[in-house]
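Q: For reference, the file protein_21.cif (mmCIF, N, CA and C atoms and all ligand atoms) is included below:
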```cif
data_entry
loop_
_atom_site.group_PDB
_atom_site.id
_atom_site.type_symbol
_atom_site.label_atom_id
_atom_site.label_comp_id
_atom_site.auth_asym_id
_atom_site.auth_seq_id
_atom_site.Cartn_x
_atom_site.Cartn_y
_atom_site.Cartn_z
ATOM 1 N N MET O 1 248.755 63.308 206.070
ATOM 2 C CA MET O 1 247.821 64.405 206.321
ATOM 3 C C MET O 1 248.580 65.662 206.750
ATOM 4 N N LYS O 2 248.270 66.786 206.117
ATOM 5 C CA LYS O 2 248.933 68.030 206.484
ATOM 6 C C LYS O 2 248.425 68.525 207.838
ATOM 7 N N THR O 3 249.256 69.300 208.504
ATOM 8 C CA THR O 3 248.899 69.798 209.831
ATOM 9 C C THR O 3 247.622 70.631 209.797
ATOM 10 N N GLU O 4 247.500 71.497 208.793
ATOM 11 C CA GLU O 4 246.323 72.374 208.758
ATOM 12 C C GLU O 4 245.034 71.590 208.521
ATOM 13 N N GLU O 5 245.149 70.470 207.761
ATOM 14 C CA GLU O 5 243.970 69.634 207.554
ATOM 15 C C GLU O 5 243.557 68.977 208.857
ATOM 16 N N PHE O 6 244.541 68.521 209.625
ATOM 17 C CA PHE O 6 244.256 67.903 210.916
ATOM 18 C C PHE O 6 243.610 68.912 211.848
ATOM 19 N N ALA O 7 244.200 70.131 211.881
ATOM 20 C CA ALA O 7 243.669 71.156 212.774
ATOM 21 C C ALA O 7 242.240 71.522 212.385
ATOM 22 N N GLY O 8 241.911 71.415 211.117
ATOM 23 C CA GLY O 8 240.572 71.756 210.668
ATOM 24 C C GLY O 8 239.513 70.769 211.117
ATOM 25 N N LEU O 9 239.916 69.645 211.677
ATOM 26 C CA LEU O 9 238.960 68.638 212.124
ATOM 27 C C LEU O 9 238.379 68.954 213.496
ATOM 28 N N VAL O 10 239.029 69.836 214.233
ATOM 29 C CA VAL O 10 238.617 70.102 215.608
ATOM 30 C C VAL O 10 238.497 71.600 215.810
ATOM 31 N N HIS O 11 237.426 72.021 216.439
ATOM 32 C CA HIS O 11 237.325 73.422 216.823
ATOM 33 C C HIS O 11 236.606 73.539 218.160
ATOM 34 N N LYS O 12 236.586 74.726 218.698
ATOM 35 C CA LYS O 12 236.039 74.934 220.037
ATOM 36 C C LYS O 12 234.842 75.865 219.966
ATOM 37 N N VAL O 13 233.758 75.441 220.608
ATOM 38 C CA VAL O 13 232.584 76.289 220.793
ATOM 39 C C VAL O 13 232.435 76.465 222.301
ATOM 40 N N VAL O 14 232.622 77.667 222.785
ATOM 41 C CA VAL O 14 232.633 77.876 224.241
ATOM 42 C C VAL O 14 231.274 77.489 224.830
ATOM 43 N N PRO O 15 231.270 76.535 225.766
ATOM 44 C CA PRO O 15 230.001 76.090 226.365
ATOM 45 C C PRO O 15 229.304 77.222 227.104
ATOM 46 N N SER O 16 227.981 77.218 227.049
ATOM 47 C CA SER O 16 227.209 78.276 227.698
ATOM 48 C C SER O 16 226.935 77.971 229.165
ATOM 49 N N ARG O 17 227.229 76.755 229.600
ATOM 50 C CA ARG O 17 227.002 76.412 231.005
ATOM 51 C C ARG O 17 228.262 75.778 231.595
ATOM 52 N N ASP O 18 228.333 75.814 232.928
ATOM 53 C CA ASP O 18 229.460 75.176 233.604
ATOM 54 C C ASP O 18 229.347 73.657 233.484
ATOM 55 N N PHE O 19 230.470 73.022 233.252
ATOM 56 C CA PHE O 19 230.484 71.560 233.179
ATOM 57 C C PHE O 19 231.519 70.955 234.128
ATOM 58 N N MET O 20 232.147 71.805 234.932
ATOM 59 C CA MET O 20 233.143 71.316 235.877
ATOM 60 C C MET O 20 233.148 72.212 237.112
ATOM 61 N N SER O 21 233.410 71.594 238.276
ATOM 62 C CA SER O 21 233.496 72.373 239.515
ATOM 63 C C SER O 21 234.267 71.556 240.529
ATOM 64 N N VAL O 22 234.626 72.178 241.632
ATOM 65 C CA VAL O 22 235.321 71.474 242.708
ATOM 66 C C VAL O 22 234.589 71.726 244.011
ATOM 67 N N ASP O 23 234.461 70.666 244.798
ATOM 68 C CA ASP O 23 233.848 70.756 246.118
ATOM 69 C C ASP O 23 234.966 71.016 247.122
ATOM 70 N N ALA O 24 235.039 72.246 247.600
ATOM 71 C CA ALA O 24 236.130 72.626 248.507
ATOM 72 C C ALA O 24 236.119 71.801 249.787
ATOM 73 N N GLY O 25 234.964 71.335 250.172
ATOM 74 C CA GLY O 25 234.867 70.528 251.390
ATOM 75 C C GLY O 25 235.487 69.154 251.242
ATOM 76 N N GLU O 26 235.579 68.654 249.999
ATOM 77 C CA GLU O 26 236.169 67.338 249.729
ATOM 78 C C GLU O 26 237.635 67.429 249.329
ATOM 79 N N CYS O 27 238.078 68.602 248.898
ATOM 80 C CA CYS O 27 239.444 68.775 248.405
ATOM 81 C C CYS O 27 240.458 68.731 249.550
ATOM 82 N N THR O 28 241.523 67.956 249.335
ATOM 83 C CA THR O 28 242.585 67.836 250.334
ATOM 84 C C THR O 28 243.768 68.759 250.040
ATOM 85 N N GLY O 29 243.747 69.399 248.868
ATOM 86 C CA GLY O 29 244.860 70.276 248.500
ATOM 87 C C GLY O 29 246.087 69.528 248.037
ATOM 88 N N CYS O 30 245.904 68.305 247.559
ATOM 89 C CA CYS O 30 247.052 67.466 247.169
ATOM 90 C C CYS O 30 247.775 68.000 245.929
ATOM 91 N N ALA O 31 247.088 68.774 245.105
ATOM 92 C CA ALA O 31 247.648 69.390 243.895
ATOM 93 C C ALA O 31 247.843 68.419 242.732
ATOM 94 N N ASP O 32 247.292 67.232 242.819
ATOM 95 C CA ASP O 32 247.415 66.307 241.687
ATOM 96 C C ASP O 32 246.755 66.876 240.428
ATOM 97 N N CYS O 33 245.650 67.580 240.593
ATOM 98 C CA CYS O 33 244.983 68.185 239.432
ATOM 99 C C CYS O 33 245.879 69.247 238.789
ATOM 100 N N VAL O 34 246.605 69.966 239.600
ATOM 101 C CA VAL O 34 247.532 70.988 239.099
ATOM 102 C C VAL O 34 248.603 70.335 238.227
ATOM 103 N N ILE O 35 249.082 69.199 238.669
ATOM 104 C CA ILE O 35 250.175 68.513 237.968
ATOM 105 C C ILE O 35 249.715 67.961 236.624
ATOM 106 N N VAL O 36 248.522 67.397 236.566
ATOM 107 C CA VAL O 36 248.125 66.692 235.339
ATOM 108 C C VAL O 36 247.470 67.576 234.283
ATOM 109 N N CYS O 37 246.946 68.714 234.640
ATOM 110 C CA CYS O 37 246.225 69.518 233.640
ATOM 111 C C CYS O 37 247.196 70.048 232.578
ATOM 112 N N PRO O 38 246.989 69.677 231.328
ATOM 113 C CA PRO O 38 247.929 70.082 230.277
ATOM 114 C C PRO O 38 247.862 71.564 229.916
ATOM 115 N N VAL O 39 246.810 72.238 230.352
ATOM 116 C CA VAL O 39 246.684 73.661 230.006
ATOM 117 C C VAL O 39 246.636 74.543 231.266
ATOM 118 N N PHE O 40 247.077 73.998 232.386
ATOM 119 C CA PHE O 40 247.321 74.772 233.615
ATOM 120 C C PHE O 40 246.086 75.529 234.115
ATOM 121 N N LEU O 41 244.990 74.813 234.254
ATOM 122 C CA LEU O 41 243.749 75.457 234.684
ATOM 123 C C LEU O 41 243.498 75.370 236.188
ATOM 124 N N TRP O 42 244.356 74.643 236.906
ATOM 125 C CA TRP O 42 244.162 74.480 238.352
ATOM 126 C C TRP O 42 245.293 75.128 239.132
ATOM 127 N N LYS O 43 244.927 75.688 240.291
ATOM 128 C CA LYS O 43 245.905 76.178 241.263
ATOM 129 C C LYS O 43 245.430 75.745 242.641
ATOM 130 N N VAL O 44 246.345 75.674 243.582
ATOM 131 C CA VAL O 44 245.955 75.425 244.969
ATOM 132 C C VAL O 44 246.222 76.692 245.748
ATOM 133 N N ARG O 45 245.156 77.212 246.360
ATOM 134 C CA ARG O 45 245.278 78.411 247.187
ATOM 135 C C ARG O 45 244.720 78.106 248.561
ATOM 136 N N GLU O 46 245.508 78.420 249.565
ATOM 137 C CA GLU O 46 245.097 78.184 250.954
ATOM 138 C C GLU O 46 244.610 76.750 251.152
ATOM 139 N N GLY O 47 245.335 75.822 250.522
ATOM 140 C CA GLY O 47 245.067 74.406 250.748
ATOM 141 C C GLY O 47 243.888 73.828 250.002
ATOM 142 N N ARG O 48 243.328 74.585 249.032
ATOM 143 C CA ARG O 48 242.182 74.081 248.274
ATOM 144 C C ARG O 48 242.369 74.377 246.790
ATOM 145 N N ALA O 49 241.907 73.459 245.949
ATOM 146 C CA ALA O 49 242.028 73.637 244.507
ATOM 147 C C ALA O 49 241.081 74.728 244.022
ATOM 148 N N VAL O 50 241.578 75.514 243.087
ATOM 149 C CA VAL O 50 240.784 76.577 242.465
ATOM 150 C C VAL O 50 240.894 76.412 240.951
ATOM 151 N N LEU O 51 239.747 76.412 240.295
ATOM 152 C CA LEU O 51 239.694 76.265 238.840
ATOM 153 C C LEU O 51 239.719 77.645 238.194
ATOM 154 N N ALA O 52 240.452 77.777 237.093
ATOM 155 C CA ALA O 52 240.542 79.067 236.388
ATOM 156 C C ALA O 52 239.155 79.556 235.973
ATOM 157 N N ALA O 53 238.931 80.838 236.124
ATOM 158 C CA ALA O 53 237.617 81.411 235.822
ATOM 159 C C ALA O 53 237.244 81.230 234.355
ATOM 160 N N ASP O 54 238.245 81.178 233.470
ATOM 161 C CA ASP O 54 237.970 81.053 232.035
ATOM 162 C C ASP O 54 238.125 79.620 231.534
ATOM 163 N N TYR O 55 237.906 78.653 232.416
ATOM 164 C CA TYR O 55 238.144 77.259 232.021
ATOM 165 C C TYR O 55 237.252 76.826 230.844
ATOM 166 N N ARG O 56 236.059 77.395 230.733
ATOM 167 C CA ARG O 56 235.181 76.976 229.629
ATOM 168 C C ARG O 56 235.805 77.302 228.274
ATOM 169 N N GLU O 57 236.599 78.346 228.229
ATOM 170 C CA GLU O 57 237.263 78.699 226.971
ATOM 171 C C GLU O 57 238.492 77.843 226.713
ATOM 172 N N ARG O 58 239.146 77.347 227.777
ATOM 173 C CA ARG O 58 240.458 76.728 227.608
ATOM 174 C C ARG O 58 240.525 75.227 227.860
ATOM 175 N N CYS O 59 239.548 74.668 228.546
ATOM 176 C CA CYS O 59 239.602 73.248 228.914
ATOM 177 C C CYS O 59 239.558 72.360 227.679
ATOM 178 N N LEU O 60 240.382 71.321 227.676
ATOM 179 C CA LEU O 60 240.458 70.373 226.568
ATOM 180 C C LEU O 60 239.532 69.171 226.763
ATOM 181 N N GLU O 61 238.843 69.145 227.904
ATOM 182 C CA GLU O 61 237.900 68.055 228.210
ATOM 183 C C GLU O 61 238.588 66.692 228.247
ATOM 184 N N CYS O 62 239.848 66.678 228.663
ATOM 185 C CA CYS O 62 240.568 65.403 228.724
ATOM 186 C C CYS O 62 240.133 64.561 229.926
ATOM 187 N N GLY O 63 239.612 65.210 230.961
ATOM 188 C CA GLY O 63 239.149 64.494 232.148
ATOM 189 C C GLY O 63 240.252 64.060 233.095
ATOM 190 N N ALA O 64 241.484 64.442 232.824
ATOM 191 C CA ALA O 64 242.602 63.994 233.653
ATOM 192 C C ALA O 64 242.466 64.452 235.104
ATOM 193 N N CYS O 65 242.045 65.666 235.306
ATOM 194 C CA CYS O 65 241.891 66.183 236.680
ATOM 195 C C CYS O 65 240.851 65.373 237.436
ATOM 196 N N TRP O 66 239.758 65.083 236.782
ATOM 197 C CA TRP O 66 238.676 64.308 237.389
ATOM 198 C C TRP O 66 239.170 62.892 237.732
ATOM 199 N N GLN O 67 239.930 62.302 236.821
ATOM 200 C CA GLN O 67 240.394 60.940 237.037
ATOM 201 C C GLN O 67 241.427 60.859 238.156
ATOM 202 N N VAL O 68 242.276 61.856 238.260
ATOM 203 C CA VAL O 68 243.377 61.774 239.221
ATOM 204 C C VAL O 68 242.943 62.167 240.630
ATOM 205 N N CYS O 69 241.831 62.836 240.773
ATOM 206 C CA CYS O 69 241.401 63.312 242.085
ATOM 207 C C CYS O 69 240.866 62.149 242.922
ATOM 208 N N SER O 70 241.691 61.665 243.825
ATOM 209 C CA SER O 70 241.329 60.470 244.601
ATOM 210 C C SER O 70 240.271 60.748 245.654
ATOM 211 N N SER O 71 240.042 62.009 245.973
ATOM 212 C CA SER O 71 239.020 62.330 246.974
ATOM 213 C C SER O 71 237.654 62.590 246.354
ATOM 214 N N GLY O 72 237.582 62.563 245.026
ATOM 215 C CA GLY O 72 236.292 62.769 244.366
ATOM 216 C C GLY O 72 235.769 64.184 244.491
ATOM 217 N N ALA O 73 236.667 65.137 244.617
ATOM 218 C CA ALA O 73 236.246 66.527 244.821
ATOM 219 C C ALA O 73 235.845 67.234 243.530
ATOM 220 N N ILE O 74 236.264 66.677 242.389
ATOM 221 C CA ILE O 74 236.006 67.344 241.108
ATOM 222 C C ILE O 74 234.780 66.740 240.432
ATOM 223 N N ARG O 75 233.865 67.617 240.051
ATOM 224 C CA ARG O 75 232.717 67.190 239.246
ATOM 225 C C ARG O 75 233.027 67.541 237.790
ATOM 226 N N PHE O 76 232.890 66.585 236.930
ATOM 227 C CA PHE O 76 233.162 66.812 235.507
ATOM 228 C C PHE O 76 232.120 66.079 234.674
ATOM 229 N N ASP O 77 231.428 66.821 233.838
ATOM 230 C CA ASP O 77 230.590 66.162 232.840
ATOM 231 C C ASP O 77 230.753 66.958 231.549
ATOM 232 N N PHE O 78 230.638 66.300 230.459
ATOM 233 C CA PHE O 78 230.942 66.956 229.193
ATOM 234 C C PHE O 78 229.948 68.068 228.877
ATOM 235 N N PRO O 79 230.391 69.088 228.152
ATOM 236 C CA PRO O 79 229.475 70.147 227.724
ATOM 237 C C PRO O 79 228.366 69.580 226.841
ATOM 238 N N ASP O 80 227.330 70.373 226.653
ATOM 239 C CA ASP O 80 226.222 69.940 225.806
ATOM 240 C C ASP O 80 226.712 69.650 224.380
ATOM 241 N N SER O 81 226.012 68.768 223.706
ATOM 242 C CA SER O 81 226.367 68.387 222.343
ATOM 243 C C SER O 81 226.498 69.616 221.442
ATOM 244 N N GLY O 82 227.559 69.634 220.649
ATOM 245 C CA GLY O 82 227.784 70.753 219.736
ATOM 246 C C GLY O 82 228.524 71.912 220.371
ATOM 247 N N THR O 83 228.880 71.774 221.658
ATOM 248 C CA THR O 83 229.667 72.810 222.331
ATOM 249 C C THR O 83 230.929 72.179 222.917
ATOM 250 N N GLY O 84 231.866 73.031 223.311
ATOM 251 C CA GLY O 84 233.148 72.555 223.820
ATOM 252 C C GLY O 84 234.045 72.152 222.665
ATOM 253 N N ILE O 85 234.819 71.089 222.859
ATOM 254 C CA ILE O 85 235.673 70.576 221.790
ATOM 255 C C ILE O 85 234.792 69.817 220.801
ATOM 256 N N VAL O 86 234.712 70.324 219.594
ATOM 257 C CA VAL O 86 233.835 69.708 218.583
ATOM 258 C C VAL O 86 234.708 69.077 217.492
ATOM 259 N N VAL O 87 234.512 67.791 217.293
ATOM 260 C CA VAL O 87 235.261 67.070 216.261
ATOM 261 C C VAL O 87 234.402 66.972 215.011
ATOM 262 N N ARG O 88 234.841 67.611 213.965
ATOM 263 C CA ARG O 88 234.105 67.552 212.701
ATOM 264 C C ARG O 88 234.182 66.137 212.148
ATOM 265 N N TYR O 89 233.123 65.643 211.666
ATOM 266 C CA TYR O 89 232.986 64.277 211.136
ATOM 267 C C TYR O 89 233.070 63.232 212.243
ATOM 268 N N GLY O 90 233.109 63.668 213.532
ATOM 269 C CA GLY O 90 233.266 62.711 214.637
ATOM 270 C C GLY O 90 231.942 62.084 215.051
HETATM 271 S S1 LIG O 101 243.265 66.487 242.896
HETATM 272 FE FE1 LIG O 101 241.298 66.746 244.013
HETATM 273 S S2 LIG O 101 241.880 66.747 246.189
HETATM 274 FE FE2 LIG O 101 243.778 67.130 245.018
HETATM 275 S S3 LIG O 101 243.925 69.407 244.927
HETATM 276 FE FE3 LIG O 101 242.842 68.721 243.066
HETATM 277 S S4 LIG O 101 240.641 68.868 243.591
HETATM 278 FE FE4 LIG O 101 241.793 68.900 245.521
HETATM 279 S S1 LIG O 102 239.582 68.235 231.849
HETATM 280 FE FE1 LIG O 102 241.780 68.258 231.256
HETATM 281 S S2 LIG O 102 242.120 70.274 230.358
HETATM 282 FE FE2 LIG O 102 240.190 70.383 231.477
HETATM 283 S S3 LIG O 102 240.735 71.169 233.510
HETATM 284 FE FE3 LIG O 102 240.758 68.915 233.644
HETATM 285 S S4 LIG O 102 242.883 68.301 233.209
HETATM 286 FE FE4 LIG O 102 242.632 70.451 232.540
#
```
Spit out the file's structure as structure tokens when you get a sec.
A:
Amino acid sequence: MKTEEFAGLVHKVVPSRDFMSVDAGECTGCADCVIVCPVFLWKVREGRAVLAADYRERCLECGACWQVCSSGAIRFDFPDSGTGIVVRYG
């Protein structure tokens, strides 16, 4: 399979609603989310995780940040059907 054919199978539709957030009261500032995010959407400021303002445009929906957060501070649910990462023929 050629690269361009593979790339044509997936595209992004920016979700119209938030699908991820962090509860600052639960966050310990461990920075594990910062380490695992493949597209660098997390930072720790003043001991608390902060999600990039444009995450809806850039998030890959891998769920790694949600999975690695041992304090349960991250809320993650997938965008509505037909938005976010859309796999053609999927
Ligand atoms: S992994 Fe969870 S507890 Fe650690 S900095 Fe990120 S949001 Fe906070
Ligand atoms: S779901 Fe994946 S890409 Fe999106 S913010 Fe979390 S680690 Fe980063």
Q: Which residues, named as in the file, does the PyMOL selection byres (((chain O and resi 46-49 and name CA) around 6) and not hetatm and name CA) pick out? Answer as a PyMOL selection string.
A: chain O and resi 27+29+43-45+50
Q: Keeping only N, CA and C atoms, write the selected residues as a JSON list (two decimals), in the frame of the given file.
A:
```
[["chain", "number", "residue", "atom", "x", "y", "z"],
["O", 27, "CYS", "N", 238.08, 68.60, 248.90],
["O", 27, "CYS", "CA", 239.44, 68.78, 248.40],
["O", 27, "CYS", "C", 240.46, 68.73, 249.55],
["O", 29, "GLY", "N", 243.75, 69.40, 248.87],
["O", 29, "GLY", "CA", 244.86, 70.28, 248.50],
["O", 29, "GLY", "C", 246.09, 69.53, 248.04],
["O", 43, "LYS", "N", 244.93, 75.69, 240.29],
["O", 43, "LYS", "CA", 245.90, 76.18, 241.26],
["O", 43, "LYS", "C", 245.43, 75.74, 242.64],
["O", 44, "VAL", "N", 246.34, 75.67, 243.58],
["O", 44, "VAL", "CA", 245.96, 75.42, 244.97],
["O", 44, "VAL", "C", 246.22, 76.69, 245.75],
["O", 45, "ARG", "N", 245.16, 77.21, 246.36],
["O", 45, "ARG", "CA", 245.28, 78.41, 247.19],
["O", 45, "ARG", "C", 244.72, 78.11, 248.56],
["O", 50, "VAL", "N", 241.58, 75.51, 243.09],
["O", 50, "VAL", "CA", 240.78, 76.58, 242.46],
["O", 50, "VAL", "C", 240.89, 76.41, 240.95]]
```
Q: Residue by residue, what does the PyMOL selection byres (((chain O and resi 82) around 8) and not hetatm) grab here? Present the result as a CSV table (one decimal) with N, CA and C atoms, in the coordinates of the input.
A:
```
chain,number,residue,atom,x,y,z
O,12,LYS,N,236.6,74.7,218.7
O,12,LYS,CA,236.0,74.9,220.0
O,12,LYS,C,234.8,75.9,220.0
O,13,VAL,N,233.8,75.4,220.6
O,13,VAL,CA,232.6,76.3,220.8
O,13,VAL,C,232.4,76.5,222.3
O,14,VAL,N,232.6,77.7,222.8
O,14,VAL,CA,232.6,77.9,224.2
O,14,VAL,C,231.3,77.5,224.8
O,15,PRO,N,231.3,76.5,225.8
O,15,PRO,CA,230.0,76.1,226.4
O,15,PRO,C,229.3,77.2,227.1
O,79,PRO,N,230.4,69.1,228.2
O,79,PRO,CA,229.5,70.1,227.7
O,79,PRO,C,228.4,69.6,226.8
O,80,ASP,N,227.3,70.4,226.7
O,80,ASP,CA,226.2,69.9,225.8
O,80,ASP,C,226.7,69.6,224.4
O,81,SER,N,226.0,68.8,223.7
O,81,SER,CA,226.4,68.4,222.3
O,81,SER,C,226.5,69.6,221.4
O,83,THR,N,228.9,71.8,221.7
O,83,THR,CA,229.7,72.8,222.3
O,83,THR,C,230.9,72.2,222.9
O,84,GLY,N,231.9,73.0,223.3
O,84,GLY,CA,233.1,72.6,223.8
O,84,GLY,C,234.0,72.2,222.7
O,85,ILE,N,234.8,71.1,222.9
O,85,ILE,CA,235.7,70.6,221.8
O,85,ILE,C,234.8,69.8,220.8
O,86,VAL,N,234.7,70.3,219.6
O,86,VAL,CA,233.8,69.7,218.6
O,86,VAL,C,234.7,69.1,217.5
O,87,VAL,N,234.5,67.8,217.3
O,87,VAL,CA,235.3,67.1,216.3
O,87,VAL,C,234.4,67.0,215.0
```
Q: When the PyMOL selection byres (((not hetatm)) within 6.5 of (chain O and resi 102)) is applied to the structure above, which residues does it catch, written out as a PyMOL selection string?
A: chain O and resi 33+36-42+58-66
Q: Would you put the residues from that selection into a file with N, CA and C atoms, as a PDB file, in the frame of the given file?
A:
```
ATOM      1  N   CYS O  33     245.650  67.580 240.593  1.00  0.00           N
ATOM      2  CA  CYS O  33     244.983  68.185 239.432  1.00  0.00           C
ATOM      3  C   CYS O  33     245.879  69.247 238.789  1.00  0.00           C
ATOM      4  N   VAL O  36     248.522  67.397 236.566  1.00  0.00           N
ATOM      5  CA  VAL O  36     248.125  66.692 235.339  1.00  0.00           C
ATOM      6  C   VAL O  36     247.470  67.576 234.283  1.00  0.00           C
ATOM      7  N   CYS O  37     246.946  68.714 234.640  1.00  0.00           N
ATOM      8  CA  CYS O  37     246.225  69.518 233.640  1.00  0.00           C
ATOM      9  C   CYS O  37     247.196  70.048 232.578  1.00  0.00           C
ATOM     10  N   PRO O  38     246.989  69.677 231.328  1.00  0.00           N
ATOM     11  CA  PRO O  38     247.929  70.082 230.277  1.00  0.00           C
ATOM     12  C   PRO O  38     247.862  71.564 229.916  1.00  0.00           C
ATOM     13  N   VAL O  39     246.810  72.238 230.352  1.00  0.00           N
ATOM     14  CA  VAL O  39     246.684  73.661 230.006  1.00  0.00           C
ATOM     15  C   VAL O  39     246.636  74.543 231.266  1.00  0.00           C
ATOM     16  N   PHE O  40     247.077  73.998 232.386  1.00  0.00           N
ATOM     17  CA  PHE O  40     247.321  74.772 233.615  1.00  0.00           C
ATOM     18  C   PHE O  40     246.086  75.529 234.115  1.00  0.00           C
ATOM     19  N   LEU O  41     244.990  74.813 234.254  1.00  0.00           N
ATOM     20  CA  LEU O  41     243.749  75.457 234.684  1.00  0.00           C
ATOM     21  C   LEU O  41     243.498  75.370 236.188  1.00  0.00           C
ATOM     22  N   TRP O  42     244.356  74.643 236.906  1.00  0.00           N
ATOM     23  CA  TRP O  42     244.162  74.480 238.352  1.00  0.00           C
ATOM     24  C   TRP O  42     245.293  75.128 239.132  1.00  0.00           C
ATOM     25  N   ARG O  58     239.146  77.347 227.777  1.00  0.00           N
ATOM     26  CA  ARG O  58     240.458  76.728 227.608  1.00  0.00           C
ATOM     27  C   ARG O  58     240.525  75.227 227.860  1.00  0.00           C
ATOM     28  N   CYS O  59     239.548  74.668 228.546  1.00  0.00           N
ATOM     29  CA  CYS O  59     239.602  73.248 228.914  1.00  0.00           C
ATOM     30  C   CYS O  59     239.558  72.360 227.679  1.00  0.00           C
ATOM     31  N   LEU O  60     240.382  71.321 227.676  1.00  0.00           N
ATOM     32  CA  LEU O  60     240.458  70.373 226.568  1.00  0.00           C
ATOM     33  C   LEU O  60     239.532  69.171 226.763  1.00  0.00           C
ATOM     34  N   GLU O  61     238.843  69.145 227.904  1.00  0.00           N
ATOM     35  CA  GLU O  61     237.900  68.055 228.210  1.00  0.00           C
ATOM     36  C   GLU O  61     238.588  66.692 228.247  1.00  0.00           C
ATOM     37  N   CYS O  62     239.848  66.678 228.663  1.00  0.00           N
ATOM     38  CA  CYS O  62     240.568  65.403 228.724  1.00  0.00           C
ATOM     39  C   CYS O  62     240.133  64.561 229.926  1.00  0.00           C
ATOM     40  N   GLY O  63     239.612  65.210 230.961  1.00  0.00           N
ATOM     41  CA  GLY O  63     239.149  64.494 232.148  1.00  0.00           C
ATOM     42  C   GLY O  63     240.252  64.060 233.095  1.00  0.00           C
ATOM     43  N   ALA O  64     241.484  64.442 232.824  1.00  0.00           N
ATOM     44  CA  ALA O  64     242.602  63.994 233.653  1.00  0.00           C
ATOM     45  C   ALA O  64     242.466  64.452 235.104  1.00  0.00           C
ATOM     46  N   CYS O  65     242.045  65.666 235.306  1.00  0.00           N
ATOM     47  CA  CYS O  65     241.891  66.183 236.680  1.00  0.00           C
ATOM     48  C   CYS O  65     240.851  65.373 237.436  1.00  0.00           C
ATOM     49  N   TRP O  66     239.758  65.083 236.782  1.00  0.00           N
ATOM     50  CA  TRP O  66     238.676  64.308 237.389  1.00  0.00           C
ATOM     51  C   TRP O  66     239.170  62.892 237.732  1.00  0.00           C
TER      52      TRP O  66
END
```
Q: State, in Å with one decimal place, the distance from atom N of Val68 (chain O) to CA of Asp32 (chain O).
A: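 Value for the atom N of Val68 (chain O)-CA of Asp32 (chain O) distance: 7.6 Å.
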Q: Skip Arg88 (chain O) itself and residues of its chain fewer than 2 positions away, then list as a CSV table (one decimal) with N, CA and C atoms, keeping the file's coordinate frame all residues within 6 Å of it, counting all atoms listed in the file.
A:
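Dumped everything to out.csv:
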```
chain,number,residue,atom,x,y,z
O,9,LEU,N,239.9,69.6,211.7
O,9,LEU,CA,239.0,68.6,212.1
O,9,LEU,C,238.4,69.0,213.5
O,10,VAL,N,239.0,69.8,214.2
O,10,VAL,CA,238.6,70.1,215.6
O,10,VAL,C,238.5,71.6,215.8
O,11,HIS,N,237.4,72.0,216.4
O,11,HIS,CA,237.3,73.4,216.8
O,11,HIS,C,236.6,73.5,218.2
O,86,VAL,N,234.7,70.3,219.6
O,86,VAL,CA,233.8,69.7,218.6
O,86,VAL,C,234.7,69.1,217.5
O,90,GLY,N,233.1,63.7,213.5
O,90,GLY,CA,233.3,62.7,214.6
O,90,GLY,C,231.9,62.1,215.1
```
